[in-house]
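To be precise, the following lines are work_5.txt, and they hold compact mmCIF, C-alpha atoms.
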```
# COMPACT_ATOMS: atom_id res chain seq x y z
CA MET A 1057 39.98 2.44 48.31
CA SER A 1058 43.29 2.55 50.16
CA ASP A 1059 46.04 5.02 49.26
CA ARG A 1060 48.26 2.20 48.05
CA VAL A 1061 45.59 0.81 45.72
CA ALA A 1062 44.79 4.28 44.40
CA ARG A 1063 48.48 5.00 43.79
CA ARG A 1064 48.95 1.70 41.95
CA ARG A 1065 45.90 2.38 39.78
CA ALA A 1066 47.15 5.89 38.96
CA GLN A 1067 50.57 4.50 37.99
CA ARG A 1068 48.97 1.90 35.74
CA LEU A 1069 46.80 4.52 34.03
CA GLY A 1070 49.85 6.76 33.62
CA HIS A 1071 51.86 3.99 31.97
CA ILE A 1072 48.97 3.25 29.59
CA ALA A 1073 48.74 6.96 28.74
CA GLU A 1074 52.49 7.08 28.05
CA TRP A 1075 52.23 4.04 25.79
CA ARG A 1076 49.33 5.65 23.85
CA ALA A 1077 51.25 8.93 23.55
CA ALA A 1078 54.37 7.12 22.32
CA ALA A 1079 52.34 5.25 19.70
CA ALA A 1080 50.79 8.49 18.45
CA LEU A 1081 54.19 10.18 18.21
CA MET A 1082 55.73 7.21 16.38
CA LEU A 1083 52.94 7.35 13.81
CA LYS A 1084 53.90 11.01 13.28
CA GLY A 1085 57.48 9.96 12.46
CA TYR A 1086 59.15 10.37 15.87
CA ARG A 1087 61.49 7.82 17.39
CA ILE A 1088 61.12 7.29 21.14
CA VAL A 1089 64.64 7.48 22.57
CA GLY A 1090 63.71 7.65 26.25
CA ARG A 1091 60.89 6.87 28.64
CA ARG A 1092 60.49 8.06 32.23
CA PHE A 1093 63.94 9.67 32.32
CA ARG A 1094 64.46 10.52 36.00
CA THR A 1095 67.01 12.79 37.63
CA LYS A 1096 67.17 14.63 40.95
CA ALA A 1097 66.15 17.74 39.03
CA GLY A 1098 62.97 16.24 37.54
CA GLU A 1099 61.45 13.66 35.23
CA ILE A 1100 60.64 13.50 31.53
CA ASP A 1101 57.83 11.16 30.50
CA LEU A 1102 58.97 10.66 26.89
CA ILE A 1103 61.94 11.79 24.85
CA ALA A 1104 61.09 11.70 21.16
CA ARG A 1105 63.40 12.44 18.27
CA LYS A 1106 62.77 13.34 14.65
CA GLY A 1107 66.03 14.07 12.87
CA ASP A 1108 67.91 16.71 14.89
CA LEU A 1109 64.77 17.75 16.78
CA VAL A 1110 64.33 16.37 20.29
CA ALA A 1111 60.93 16.72 21.94
CA LEU A 1112 60.82 16.48 25.73
CA VAL A 1113 57.26 15.30 26.19
CA GLU A 1114 55.04 15.58 29.25
CA VAL A 1115 52.12 13.15 29.03
CA LYS A 1116 48.94 14.07 30.88
CA ALA A 1117 45.87 11.85 31.09
CA ARG A 1118 42.78 13.87 31.95
CA ARG A 1119 39.11 14.00 31.03
CA THR A 1120 39.63 16.94 28.63
CA GLU A 1121 42.50 18.28 26.55
CA ALA A 1122 42.26 21.64 28.31
CA ALA A 1123 42.55 20.00 31.73
CA ALA A 1124 45.61 18.06 30.55
CA VAL A 1125 47.39 21.16 29.26
CA ASP A 1126 46.46 23.15 32.39
CA ALA A 1127 47.88 20.37 34.58
CA VAL A 1128 51.42 21.24 33.47
CA THR A 1129 52.35 23.92 35.98
CA ALA A 1130 55.25 26.36 35.77
CA THR A 1131 57.05 24.31 38.43
CA ALA A 1132 56.61 21.12 36.39
CA ALA A 1133 57.85 22.90 33.27
CA ARG A 1134 61.01 24.03 35.13
CA ARG A 1135 61.68 20.48 36.35
CA ILE A 1136 61.21 19.01 32.88
CA THR A 1137 63.54 21.66 31.44
CA ALA A 1138 66.18 20.92 34.10
CA ALA A 1139 65.96 17.17 33.46
CA GLY A 1140 66.17 17.88 29.72
CA ASP A 1141 69.37 19.86 30.22
CA ILE A 1142 70.88 16.86 32.01
CA TRP A 1143 69.75 14.46 29.28
CA LEU A 1144 71.12 16.76 26.58
CA SER A 1145 74.50 17.07 28.30
CA ARG A 1146 74.92 13.29 27.98
CA GLN A 1147 74.38 13.23 24.19
CA ARG A 1148 77.39 13.10 21.88
CA ASP A 1149 75.65 15.11 19.15
CA ARG A 1150 74.20 17.72 21.53
CA THR A 1151 75.55 20.65 19.51
CA ASN A 1152 73.44 19.59 16.51
CA LEU A 1153 70.18 19.09 18.42
CA SER A 1154 67.22 21.40 18.79
CA ILE A 1155 65.14 20.95 21.95
CA ARG A 1156 61.41 21.47 22.19
CA HIS A 1157 58.99 20.98 25.10
CA ASP A 1158 55.73 19.27 24.14
CA ILE A 1159 52.60 18.05 25.86
CA VAL A 1160 50.54 15.06 24.80
CA ALA A 1161 47.02 15.08 26.21
CA VAL A 1162 45.50 11.63 26.58
CA THR A 1163 41.73 11.67 27.00
CA PRO A 1164 39.23 8.82 27.22
CA TRP A 1165 38.03 7.39 23.90
CA ARG A 1166 40.03 9.87 21.80
CA TRP A 1167 43.30 9.79 19.94
CA PRO A 1168 46.09 11.50 21.96
CA LYS A 1169 46.47 15.19 21.08
CA HIS A 1170 50.03 16.48 20.54
CA PHE A 1171 50.79 20.09 21.52
CA PRO A 1172 54.24 20.92 20.09
CA ASP A 1173 56.32 23.64 21.77
CA ALA A 1174 53.78 23.91 24.60
CA PHE A 1175 56.08 25.60 27.11
```
Take the structure in the file and give it back as structure tokens.
Amino acid sequence: MSDRVARRRAQRLGHIAEWRAAAALMLKGYRIVGRRFRTKAGEIDLIARKGDLVALVEVKARRTEAAAVDAVTATAARRITAAGDIWLSRQRDRTNLSIRHDIVAVTPWRWPKHFPDAF
């Protein structure tokens, strides 16, 4: 398999995982207010809101939940936090919002597992 084909397949699987994670969060009462928010500082897969709580969500698709959680490195957490600061600075009601960093682990043949306040 060529690098280009492998990259395209990984992107497709990532988008499916994000869709599954968003559906699971919406069923828990969250509103998805952003997807794949990109800045020079980093990227946030999903931005979910429930009242004044904003969850910056990293979605990881792996074979096990443990592998998904372990895949979020300290460097990735810093980039997500930096991108979240930029997103927050653009919100009118930023002074009323609470920010949390979550992980949603997407595994084969299982419902996505939400890890609130993961980092």
Of the candidates A:Arg1094, A:Arg1087, A:His1071, A:Arg1118, which one gets nearest to Lys1169 (chain A) if we count only C-alpha atoms? A:Arg1118
Tell me which of A:Lys1116, A:Ala1174, A:Ala1132, A:Asp1158 sits closest to Glu1074 (chain A), counting all atoms listed in the file.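 Smallest separation from Glu1074 (chain A) among the options: A:Lys1116.
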Using only C-alpha atoms, find the one residue out of A:Arg1146, A:His1170, A:Arg1135, A:Arg1076 that sits nearest to Thr1095 (chain A). A:Arg1135
Two-atom distance - CA of Ala1122 (chain A), CA of Phe1171 (chain A) (Å): 11.0 Å
Please provide the set of residues having any atom within 10 Å of Lys1096 (chain A), restricted to only C-alpha atoms, with same-chain residues fewer than 6 positions apart removed, written as an MDAnalysis selection string. chainID A and resid 1135 1138:1139 1142
CA of Thr1137 (chain A) and CA of Tyr1086 (chain A), how far apart in Å? 19.7 Å
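Pairwise distance (CA of Arg1060 (chain A), CA of Arg1166 (chain A)) equals 28.6 Å.
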Would you list the contacts of Val1110 (chain A) as a list in words, taking every protein, DNA or RNA residue within 8 Å and counting only C-alpha atoms, but skipping same-chain residues closer than 3 positions in sequence?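 Contacts, in chain order: Ile1103, Ala1104, Arg1105, Lys1106, Gly1107, Leu1153, Ser1154, Ile1155 and Arg1156 of chain A.
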Can you pull out every residue within 10 Å of Ile1159 (chain A), counting all atoms listed in the file, but drop anything in the same chain fewer than 6 positions away, and send it as a CSV table (one decimal) with C-alpha atoms, in the frame of the given file?
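Dumped to selection_23.csv:
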```csv
chain,number,residue,atom,x,y,z
A,1077,ALA,CA,51.2,8.9,23.6
A,1101,ASP,CA,57.8,11.2,30.5
A,1102,LEU,CA,59.0,10.7,26.9
A,1111,ALA,CA,60.9,16.7,21.9
A,1112,LEU,CA,60.8,16.5,25.7
A,1113,VAL,CA,57.3,15.3,26.2
A,1114,GLU,CA,55.0,15.6,29.2
A,1115,VAL,CA,52.1,13.2,29.0
A,1116,LYS,CA,48.9,14.1,30.9
A,1124,ALA,CA,45.6,18.1,30.6
A,1125,VAL,CA,47.4,21.2,29.3
A,1128,VAL,CA,51.4,21.2,33.5
A,1169,LYS,CA,46.5,15.2,21.1
A,1170,HIS,CA,50.0,16.5,20.5
A,1171,PHE,CA,50.8,20.1,21.5
A,1172,PRO,CA,54.2,20.9,20.1
A,1173,ASP,CA,56.3,23.6,21.8
A,1174,ALA,CA,53.8,23.9,24.6
A,1175,PHE,CA,56.1,25.6,27.1
```
